[in-house]
file structure-v7.pdb (PDB, C-alpha atoms)
ATOM      1  CA  MET A   1      12.313  17.365 -20.803
ATOM      2  CA  ALA A   2       9.221  16.808 -18.690
ATOM      3  CA  THR A   3       8.504  16.366 -15.005
ATOM      4  CA  LEU A   4       7.017  13.299 -13.371
ATOM      5  CA  ASN A   5       5.602  13.608  -9.872
ATOM      6  CA  VAL A   6       5.002  10.416  -7.931
ATOM      7  CA  THR A   7       3.577  10.633  -4.448
ATOM      8  CA  CYS A   8       2.754   7.847  -2.041
ATOM      9  CA  THR A   9       0.430   8.459   0.872
ATOM     10  CA  THR A  10       0.199   5.786   3.543
ATOM     11  CA  THR A  11      -2.321   5.911   6.353
ATOM     12  CA  ALA A  12      -3.319   3.426   9.008
ATOM     13  CA  SER A  13      -5.413   3.967  12.072
ATOM     14  CA  GLY A  14      -5.667   1.248  14.665
ATOM     15  CA  LEU A  15      -2.693  -0.799  13.547
ATOM     16  CA  THR A  16      -0.211   0.686  15.990
ATOM     17  CA  SER A  17      -0.717   2.931  18.999
ATOM     18  CA  ASP A  18       0.594   5.795  16.926
ATOM     19  CA  VAL A  19      -1.548   6.564  13.873
ATOM     20  CA  ILE A  20       0.465   6.174  10.668
ATOM     21  CA  SER A  21       0.286   9.034   8.201
ATOM     22  CA  SER A  22       3.121   9.268   5.719
ATOM     23  CA  VAL A  23       3.468  11.283   2.529
ATOM     24  CA  VAL A  24       6.523  10.948   0.330
ATOM     25  CA  ALA A  25       6.871  12.728  -2.995
ATOM     26  CA  LYS A  26       9.420  12.342  -5.738
ATOM     27  CA  SER A  27       9.831  14.666  -8.676
ATOM     28  CA  ALA A  28      11.891  13.382 -11.592
ATOM     29  CA  ASN A  29      13.012  14.727 -14.934
ATOM     30  CA  ILE A  30      11.881  12.384 -17.681
ATOM     31  CA  THR A  31      11.695  12.324 -21.454
ATOM     32  CA  THR A  32       9.655   9.212 -22.209
ATOM     33  CA  GLY A  33       6.687   7.368 -20.753
ATOM     34  CA  GLY A  34       2.949   7.023 -20.531
ATOM     35  CA  ILE A  35       0.201   4.766 -19.221
ATOM     36  CA  GLN A  36      -1.612   2.082 -21.134
ATOM     37  CA  ARG A  37      -3.642  -1.089 -20.728
ATOM     38  CA  VAL A  38      -3.115  -4.427 -22.376
ATOM     39  CA  SER A  39      -5.064  -7.651 -22.255
ATOM     40  CA  ILE A  40      -3.338 -10.910 -21.423
ATOM     41  CA  THR A  41      -4.250 -14.557 -21.680
ATOM     42  CA  ALA A  42      -0.876 -15.932 -20.642
ATOM     43  CA  GLU A  43      -0.622 -18.661 -18.055
ATOM     44  CA  GLU A  44       2.383 -19.931 -16.140
ATOM     45  CA  ALA A  45       3.521 -22.289 -18.860
ATOM     46  CA  SER A  46       3.533 -19.525 -21.457
ATOM     47  CA  LYS A  47       4.366 -16.225 -19.779
ATOM     48  CA  ALA A  48       3.982 -13.024 -21.736
ATOM     49  CA  VAL A  49       6.605 -10.281 -21.899
ATOM     50  CA  LEU A  50       5.074  -7.151 -20.465
ATOM     51  CA  LEU A  51       8.177  -4.969 -20.671
ATOM     52  CA  ASP A  52      11.026  -5.729 -23.048
ATOM     53  CA  ALA A  53      14.157  -4.495 -21.288
ATOM     54  CA  SER A  54      16.005  -3.986 -24.554
ATOM     55  CA  THR A  55      13.627  -1.202 -25.528
ATOM     56  CA  PHE A  56      14.348   0.914 -22.445
ATOM     57  CA  PRO A  57      17.456   2.892 -21.472
ATOM     58  CA  THR A  58      20.255   1.014 -19.764
ATOM     59  CA  TYR A  59      20.471   1.460 -16.011
ATOM     60  CA  ALA A  60      22.496   4.470 -14.930
ATOM     61  CA  THR A  61      23.234   5.972 -11.537
ATOM     62  CA  THR A  62      22.139   9.378 -12.750
ATOM     63  CA  LYS A  63      18.521   8.578 -13.576
ATOM     64  CA  SER A  64      15.833   6.128 -12.462
ATOM     65  CA  THR A  65      13.317   4.315 -14.612
ATOM     66  CA  TYR A  66       9.994   4.109 -12.784
ATOM     67  CA  VAL A  67       7.534   1.332 -13.442
ATOM     68  CA  TYR A  68       3.902   1.366 -12.372
ATOM     69  CA  ILE A  69       1.813  -1.782 -12.745
ATOM     70  CA  LYS A  70      -1.810  -2.350 -11.806
ATOM     71  CA  ASN A  71      -3.807  -5.533 -12.100
ATOM     72  CA  ALA A  72      -7.031  -4.319 -13.694
ATOM     73  CA  GLY A  73      -8.330  -7.806 -14.407
ATOM     74  CA  PRO A  74     -10.329 -10.275 -12.337
ATOM     75  CA  LEU A  75      -7.612 -12.832 -11.583
ATOM     76  CA  GLU A  76      -4.380 -12.674  -9.623
ATOM     77  CA  ILE A  77      -1.363 -12.009 -11.824
ATOM     78  CA  ARG A  78       2.259 -12.831 -11.198
ATOM     79  CA  LEU A  79       5.171 -10.810 -12.449
ATOM     80  CA  SER A  80       8.853 -11.494 -12.725
ATOM     81  CA  PHE A  81      10.610  -8.229 -12.087
ATOM     82  CA  LEU A  82      13.569  -9.119  -9.904
ATOM     83  CA  ASN A  83      16.181  -9.241 -12.646
ATOM     84  CA  VAL A  84      15.996 -13.010 -12.739
ATOM     85  CA  THR A  85      15.789 -14.947 -15.987
ATOM     86  CA  ALA A  86      15.070 -18.388 -14.591
ATOM     87  CA  ASN A  87      11.540 -19.739 -14.587
ATOM     88  CA  ASP A  88      11.369 -19.431 -10.819
ATOM     89  CA  GLN A  89       8.401 -18.476  -8.683
ATOM     90  CA  ASN A  90      10.825 -17.234  -6.037
ATOM     91  CA  ALA A  91      11.598 -14.331  -8.325
ATOM     92  CA  GLU A  92       7.983 -13.342  -8.865
ATOM     93  CA  VAL A  93       5.549 -11.109  -7.080
ATOM     94  CA  SER A  94       1.797 -11.420  -6.948
ATOM     95  CA  LEU A  95      -0.727  -8.680  -7.638
ATOM     96  CA  ALA A  96      -4.294  -9.345  -6.603
ATOM     97  CA  SER A  97      -7.139  -7.911  -8.659
ATOM     98  CA  GLY A  98      -7.130  -4.125  -8.268
ATOM     99  CA  ASP A  99      -3.717  -4.022  -6.633
ATOM    100  CA  TRP A 100      -0.800  -1.878  -7.845
ATOM    101  CA  MET A 101       2.926  -1.492  -7.378
ATOM    102  CA  LEU A 102       5.555   1.090  -8.230
ATOM    103  CA  PHE A 103       9.309   0.682  -8.186
ATOM    104  CA  PRO A 104      12.507   1.884  -9.863
ATOM    105  CA  TRP A 105      13.381  -0.688 -12.516
ATOM    106  CA  ARG A 106      16.927  -1.586 -13.504
ATOM    107  CA  SER A 107      15.699  -2.491 -17.014
ATOM    108  CA  ALA A 108      18.202  -5.321 -17.291
ATOM    109  CA  ILE A 109      15.796  -8.231 -17.643
ATOM    110  CA  ASP A 110      12.331  -8.395 -19.216
ATOM    111  CA  ILE A 111       9.309  -8.235 -16.957
ATOM    112  CA  THR A 112       6.982 -11.127 -17.676
ATOM    113  CA  VAL A 113       3.395 -11.593 -16.617
ATOM    114  CA  TYR A 114       0.837 -14.356 -16.405
ATOM    115  CA  GLN A 115      -2.477 -15.099 -14.757
ATOM    116  CA  PHE A 116      -2.190 -17.329 -11.739
ATOM    117  CA  GLY A 117      -4.667 -19.995 -10.846
ATOM    118  CA  GLY A 118      -7.025 -19.533 -13.724
ATOM    119  CA  SER A 119      -7.510 -18.758 -17.374
ATOM    120  CA  GLY A 120      -9.350 -16.217 -19.447
ATOM    121  CA  THR A 121      -8.554 -12.645 -20.346
ATOM    122  CA  GLY A 122      -6.870 -10.388 -17.864
ATOM    123  CA  ILE A 123      -6.081  -6.684 -18.051
ATOM    124  CA  VAL A 124      -2.815  -5.098 -16.984
ATOM    125  CA  GLU A 125      -2.343  -1.353 -16.694
ATOM    126  CA  TYR A 126       1.227  -0.187 -16.717
ATOM    127  CA  GLY A 127       3.463   2.792 -17.198
ATOM    128  CA  VAL A 128       7.200   3.190 -17.672
ATOM    129  CA  PHE A 129       8.856   6.562 -17.191
ATOM    130  CA  ASN A 130      12.470   7.464 -17.834
TER     131      ASN A 130
ATOM    132  CA  MET B   1      -7.633  -4.846  13.071
ATOM    133  CA  ALA B   2      -7.012  -1.844  10.864
ATOM    134  CA  ASN B   3      -7.202  -0.686   7.314
ATOM    135  CA  VAL B   4      -3.911   0.345   5.737
ATOM    136  CA  ASN B   5      -4.346   2.677   2.793
ATOM    137  CA  HIS B   6      -1.710   3.301   0.154
ATOM    138  CA  THR B   7      -2.552   6.012  -2.351
ATOM    139  CA  LEU B   8      -0.465   6.562  -5.440
ATOM    140  CA  THR B   9      -0.638   9.936  -7.135
ATOM    141  CA  LEU B  10       1.181  10.125 -10.442
ATOM    142  CA  THR B  11       1.097  13.295 -12.509
ATOM    143  CA  SER B  12       2.880  14.883 -15.427
ATOM    144  CA  SER B  13       1.588  17.944 -17.195
ATOM    145  CA  ASP B  14       4.217  18.150 -19.908
ATOM    146  CA  LEU B  15       5.210  14.621 -20.911
ATOM    147  CA  THR B  16       2.392  13.864 -23.326
ATOM    148  CA  THR B  17      -0.140  16.055 -25.105
ATOM    149  CA  ASP B  18      -2.744  14.682 -22.733
ATOM    150  CA  PRO B  19      -1.649  15.485 -19.177
ATOM    151  CA  ILE B  20      -1.256  12.457 -16.955
ATOM    152  CA  SER B  21      -3.128  12.533 -13.677
ATOM    153  CA  LEU B  22      -3.558   9.255 -11.913
ATOM    154  CA  THR B  23      -4.709   8.538  -8.369
ATOM    155  CA  ILE B  24      -5.130   4.990  -7.125
ATOM    156  CA  LEU B  25      -6.008   3.732  -3.686
ATOM    157  CA  ASN B  26      -5.149   0.306  -2.408
ATOM    158  CA  THR B  27      -6.453  -0.850   0.949
ATOM    159  CA  ILE B  28      -5.266  -3.722   3.058
ATOM    160  CA  ALA B  29      -8.447  -4.486   4.946
ATOM    161  CA  GLY B  30      -8.187  -5.932   8.405
ATOM    162  CA  ALA B  31      -4.428  -5.585   8.733
ATOM    163  CA  THR B  32      -3.166  -7.103  11.947
ATOM    164  CA  LYS B  33       0.555  -6.448  11.877
ATOM    165  CA  GLY B  34       3.110  -4.041  10.481
ATOM    166  CA  GLY B  35       4.480  -0.542  10.814
ATOM    167  CA  MET B  36       7.094   1.868   9.481
ATOM    168  CA  SER B  37      10.563   2.625  10.755
ATOM    169  CA  ARG B  38      13.966   3.891   9.722
ATOM    170  CA  ILE B  39      16.661   1.255   9.789
ATOM    171  CA  PRO B  40      20.431   1.824   9.623
ATOM    172  CA  LEU B  41      22.170  -0.304   7.016
ATOM    173  CA  ALA B  42      25.142  -2.240   8.247
ATOM    174  CA  THR B  43      27.063  -2.984   5.077
ATOM    175  CA  THR B  44      27.854  -1.859   1.556
ATOM    176  CA  ALA B  45      27.472  -5.341   0.067
ATOM    177  CA  ILE B  46      24.983  -8.199   0.141
ATOM    178  CA  ALA B  47      27.236 -10.176   2.494
ATOM    179  CA  GLY B  48      26.018  -9.281   5.955
ATOM    180  CA  ALA B  49      23.267  -7.046   4.615
ATOM    181  CA  THR B  50      20.639  -5.813   7.044
ATOM    182  CA  VAL B  51      17.495  -7.923   7.307
ATOM    183  CA  LEU B  52      14.409  -5.756   6.887
ATOM    184  CA  ALA B  53      11.807  -8.502   7.169
ATOM    185  CA  THR B  54      12.037 -12.208   7.802
ATOM    186  CA  ALA B  55      10.247 -14.873   5.853
ATOM    187  CA  ALA B  56       9.345 -16.543   9.118
ATOM    188  CA  GLN B  57       7.336 -13.515  10.226
ATOM    189  CA  TRP B  58       5.740 -12.846   6.832
ATOM    190  CA  PRO B  59       5.348 -16.224   5.128
ATOM    191  CA  THR B  60       2.055 -15.816   3.302
ATOM    192  CA  ALA B  61       0.779 -13.745   0.394
ATOM    193  CA  GLY B  62      -0.735 -10.350   0.979
ATOM    194  CA  ALA B  63       2.043  -8.390   2.660
ATOM    195  CA  LYS B  64       2.836  -4.986   1.203
ATOM    196  CA  CYS B  65       6.327  -3.523   1.502
ATOM    197  CA  TRP B  66       7.215   0.141   1.458
ATOM    198  CA  PHE B  67      10.774   1.288   0.776
ATOM    199  CA  TYR B  68      12.083   4.826   0.854
ATOM    200  CA  ASN B  69      15.618   6.108   0.482
ATOM    201  CA  PRO B  70      15.741   9.434   2.370
ATOM    202  CA  ALA B  71      19.240  10.299   1.137
ATOM    203  CA  THR B  72      19.764  13.312  -1.101
ATOM    204  CA  PHE B  73      20.072  12.366  -4.771
ATOM    205  CA  ASN B  74      23.641  12.914  -5.954
ATOM    206  CA  GLY B  75      23.669  11.388  -9.439
ATOM    207  CA  SER B  76      26.959  10.177 -10.818
ATOM    208  CA  ALA B  77      28.671  10.219  -7.418
ATOM    209  CA  ALA B  78      26.430   7.219  -6.655
ATOM    210  CA  THR B  79      26.920   7.423  -2.915
ATOM    211  CA  ASP B  80      23.171   7.727  -2.380
ATOM    212  CA  ILE B  81      22.029   4.272  -3.515
ATOM    213  CA  ILE B  82      20.268   1.580  -1.515
ATOM    214  CA  THR B  83      19.978  -1.909  -2.944
ATOM    215  CA  VAL B  84      17.229  -4.290  -1.856
ATOM    216  CA  SER B  85      17.354  -8.054  -2.250
ATOM    217  CA  PHE B  86      14.372 -10.363  -2.017
ATOM    218  CA  ASP B  87      16.383 -13.580  -2.040
ATOM    219  CA  GLU B  88      19.364 -12.729   0.195
ATOM    220  CA  THR B  89      21.658 -13.042  -2.814
ATOM    221  CA  ALA B  90      20.932 -10.915  -5.866
ATOM    222  CA  ASP B  91      20.530  -7.150  -6.263
ATOM    223  CA  HIS B  92      16.903  -6.603  -7.182
ATOM    224  CA  VAL B  93      15.595  -3.101  -6.580
ATOM    225  CA  VAL B  94      17.872  -0.077  -6.578
ATOM    226  CA  LEU B  95      16.672   3.083  -4.852
ATOM    227  CA  LYS B  96      18.512   6.289  -5.584
ATOM    228  CA  GLY B  97      18.239   9.207  -3.206
ATOM    229  CA  GLY B  98      14.589  10.202  -2.816
ATOM    230  CA  ASP B  99      13.248   7.118  -4.597
ATOM    231  CA  TRP B 100      10.486   5.022  -3.092
ATOM    232  CA  ALA B 101       8.768   1.764  -3.978
ATOM    233  CA  ILE B 102       5.745  -0.264  -3.009
ATOM    234  CA  ILE B 103       5.995  -3.958  -3.714
ATOM    235  CA  PRO B 104       3.805  -6.877  -2.639
ATOM    236  CA  TRP B 105       5.688  -9.738  -1.033
ATOM    237  CA  MET B 106       5.407 -13.120   0.559
ATOM    238  CA  GLY B 107       8.323 -14.704   2.322
ATOM    239  CA  ASN B 108       7.634 -18.276   1.311
ATOM    240  CA  VAL B 109       6.994 -18.158  -2.412
ATOM    241  CA  ASN B 110       7.107 -21.697  -3.656
ATOM    242  CA  SER B 111       7.786 -22.804  -0.058
ATOM    243  CA  VAL B 112      11.344 -21.436  -0.063
ATOM    244  CA  PRO B 113      11.761 -18.926   2.785
ATOM    245  CA  LYS B 114      13.729 -15.800   1.878
ATOM    246  CA  ASN B 115      14.258 -12.643   3.905
ATOM    247  CA  ILE B 116      14.272  -9.112   2.543
ATOM    248  CA  GLU B 117      17.679  -7.516   2.961
ATOM    249  CA  ALA B 118      19.236  -4.177   2.065
ATOM    250  CA  PHE B 119      22.605  -2.470   1.893
ATOM    251  CA  GLY B 120      23.858   0.990   0.995
ATOM    252  CA  SER B 121      26.424   2.238  -1.500
ATOM    253  CA  SER B 122      28.263   4.125   1.205
ATOM    254  CA  GLY B 123      28.593   3.890   4.939
ATOM    255  CA  ALA B 124      25.996   5.033   7.458
ATOM    256  CA  MET B 125      22.984   4.940   5.139
ATOM    257  CA  THR B 126      19.436   4.580   6.401
ATOM    258  CA  ILE B 127      16.343   3.128   4.752
ATOM    259  CA  GLU B 128      12.756   3.823   5.684
ATOM    260  CA  PHE B 129      10.921   0.547   5.557
ATOM    261  CA  GLY B 130       7.330  -0.393   6.145
ATOM    262  CA  ILE B 131       5.518  -3.669   5.903
ATOM    263  CA  PHE B 132       1.825  -4.355   6.404
ATOM    264  CA  GLN B 133      -0.414  -7.366   6.318
TER     265      GLN B 133
END
call {"tool": "encode", "arguments": {"input": "structure-v7.pdb", "output": "structure tokens"}}
result
Amino acid sequence: MATLNVTCTTTASGLTSDVISSVVAKSANITTGGIQRVSITAEEASKAVLLDASTFPTYATTKSTYVYIKNAGPLEIRLSFLNVTANDQNAEVSLASGDWMLFPWRSAIDITVYQFGGSGTGIVEYGVFN
Amino acid sequence: MANVNHTLTLTSSDLTTDPISLTILNTIAGATKGGMSRIPLATTAIAGATVLATAAQWPTAGAKCWFYNPATFNGSAATDIITVSFDETADHVVLKGGDWAIIPWMGNVNSVPKNIEAFGSSGAMTIEFGIFQ
């Protein structure tokens, strides 16, 4: 058993009359995970599977699976992560170059990825922790 | 206009032989709208779920959503869970007590407007929600 600490700090000055300064930390017991980078050349017509749901533990109310994804390449990438199997842009999110996201994943449906609006080689950094 | 900074710090000293220590900053430069608030959830099902953000207000790419479930984690009792839907229909992201998420969003992906909605697994739950663009 290991411990994963994930903290999000949000700050904004000048957006609202009250300066925003928020820190939220989560500490979770985990047994598997790590961070790695992969290169992708996939485009919309041939999306690549970034995370194969069948290789991760089934969703349970007792434990979350945390997914971190960063777009480390030059082009926008789009990801399907909303537990939707259809080829549907409404079920995708967009990560601009350098942007990241973190969320608890239900690990029911694969997460696919492709480069949007261009071709070439992109880089995706990701981590899955359970 | 303002800069909104989200910093992720992810650490684990005992998961792998090489300790994990990651810090990443993301800045929304020139943000003009947004904020954070706690919102009571009206239902325990997607029908009648509470709207957190409307597609009409946030139609274009570049918005960043922050979700936090301030409830105390209670495991198998499962009365601490908040479910978020990005299409007003399906269960997409599940936040157990103490969980948080940051997810980019645009309300009109593929020109189909969809609100963000949420509901709790038990009555009288509250979500902390932020959105910035």
call {"tool": "residues_around", "arguments": {"input": "structure-v7.pdb", "residues": "stretch 51-59 of chain B", "least_positions_apart": "4", "cutoff": "7 Å", "atoms": "all atoms listed in the file", "output": "list in words"}}
result
Met106, Gly107, Asn108, Pro113, Lys114, Asn115, Ile116, Glu117 and Ala118 of chain B
call {"tool": "write_last_selection", "arguments": {"input": "structure-v7.pdb", "atoms": "C-alpha atoms", "output": "PDB file, in the coordinates of the input"}}
result
ATOM      1  CA  MET B 106       5.407 -13.120   0.559  1.00  0.00           C
ATOM      2  CA  GLY B 107       8.323 -14.704   2.322  1.00  0.00           C
ATOM      3  CA  ASN B 108       7.634 -18.276   1.311  1.00  0.00           C
ATOM      4  CA  PRO B 113      11.761 -18.926   2.785  1.00  0.00           C
ATOM      5  CA  LYS B 114      13.729 -15.800   1.878  1.00  0.00           C
ATOM      6  CA  ASN B 115      14.258 -12.643   3.905  1.00  0.00           C
ATOM      7  CA  ILE B 116      14.272  -9.112   2.543  1.00  0.00           C
ATOM      8  CA  GLU B 117      17.679  -7.516   2.961  1.00  0.00           C
ATOM      9  CA  ALA B 118      19.236  -4.177   2.065  1.00  0.00           C
TER      10      ALA B 118
END
call {"tool": "residues_around", "arguments": {"input": "structure-v7.pdb", "residues": "stretch 46-56 of chain A", "least_positions_apart": "5", "cutoff": "9 Å", "atoms": "all atoms listed in the file", "output": "compact mmCIF listing (two decimals) with C-alpha atoms, in the coordinates of the input"}}
result
# COMPACT_ATOMS: atom_id res chain seq x y z
CA VAL A 38 -3.12 -4.43 -22.38
CA ILE A 40 -3.34 -10.91 -21.42
CA THR A 41 -4.25 -14.56 -21.68
CA THR A 65 13.32 4.32 -14.61
CA LEU A 79 5.17 -10.81 -12.45
CA ARG A 106 16.93 -1.59 -13.50
CA SER A 107 15.70 -2.49 -17.01
CA ALA A 108 18.20 -5.32 -17.29
CA ILE A 109 15.80 -8.23 -17.64
CA ASP A 110 12.33 -8.40 -19.22
CA ILE A 111 9.31 -8.24 -16.96
CA THR A 112 6.98 -11.13 -17.68
CA VAL A 113 3.40 -11.59 -16.62
CA TYR A 114 0.84 -14.36 -16.40
CA GLN A 115 -2.48 -15.10 -14.76
CA VAL A 124 -2.82 -5.10 -16.98
CA TYR A 126 1.23 -0.19 -16.72
CA VAL A 128 7.20 3.19 -17.67
CA ASN A 130 12.47 7.46 -17.83
call {"tool": "closest_residue", "arguments": {"input": "structure-v7.pdb", "among": "A:Val67, A:Ile77, A:Thr9, A:Ala72", "to": "chain B", "atoms": "all atoms listed in the file"}}
result
A:Thr9
call {"tool": "interface_residues", "arguments": {"input": "structure-v7.pdb", "of": "chain B", "to": "chain A", "cutoff": "6 Å", "atoms": "all atoms listed in the file", "output": "count of residues only"}}
result
21
call {"tool": "atom_distance", "arguments": {"input": "structure-v7.pdb", "atom1": "atom CA of B:Glu128", "atom2": "atom CA of B:Ala42"}}
result
14.0 Å
call {"tool": "atom_distance", "arguments": {"input": "structure-v7.pdb", "atom1": "atom CA of B:Gly48", "atom2": "atom CA of B:Val112"}}
result
20.0 Å
call {"tool": "atom_distance", "arguments": {"input": "structure-v7.pdb", "atom1": "atom CA of B:Gly30", "atom2": "atom CA of B:Asp87"}}
result
27.8 Å
call {"tool": "closest_residue", "arguments": {"input": "structure-v7.pdb", "among": "A:Arg37, A:Glu44, A:Ser97, A:Gly117", "to": "A:Ser80", "atoms": "all atoms listed in the file"}}
result
A:Glu44
call {"tool": "resolve_selection", "arguments": {"input": "structure-v7.pdb", "expression": "the PyMOL selection byres ((chain B and resi 96) around 8)", "output": "ChimeraX atom specification"}}
result
/A:61,64 /B:69,71,73,80-82,94-95,97-99
call {"tool": "resolve_selection", "arguments": {"input": "structure-v7.pdb", "expression": "the PyMOL selection byres ((chain B and resi 39) around 6)", "output": "list in words"}}
result
Arg38, Pro40, Thr126 and Ile127 of chain B
call {"tool": "write_last_selection", "arguments": {"input": "structure-v7.pdb", "atoms": "C-alpha atoms", "output": "compact mmCIF listing (two decimals), in the coordinates of the input"}}
result
# COMPACT_ATOMS: atom_id res chain seq x y z
CA ARG B 38 13.97 3.89 9.72
CA PRO B 40 20.43 1.82 9.62
CA THR B 126 19.44 4.58 6.40
CA ILE B 127 16.34 3.13 4.75
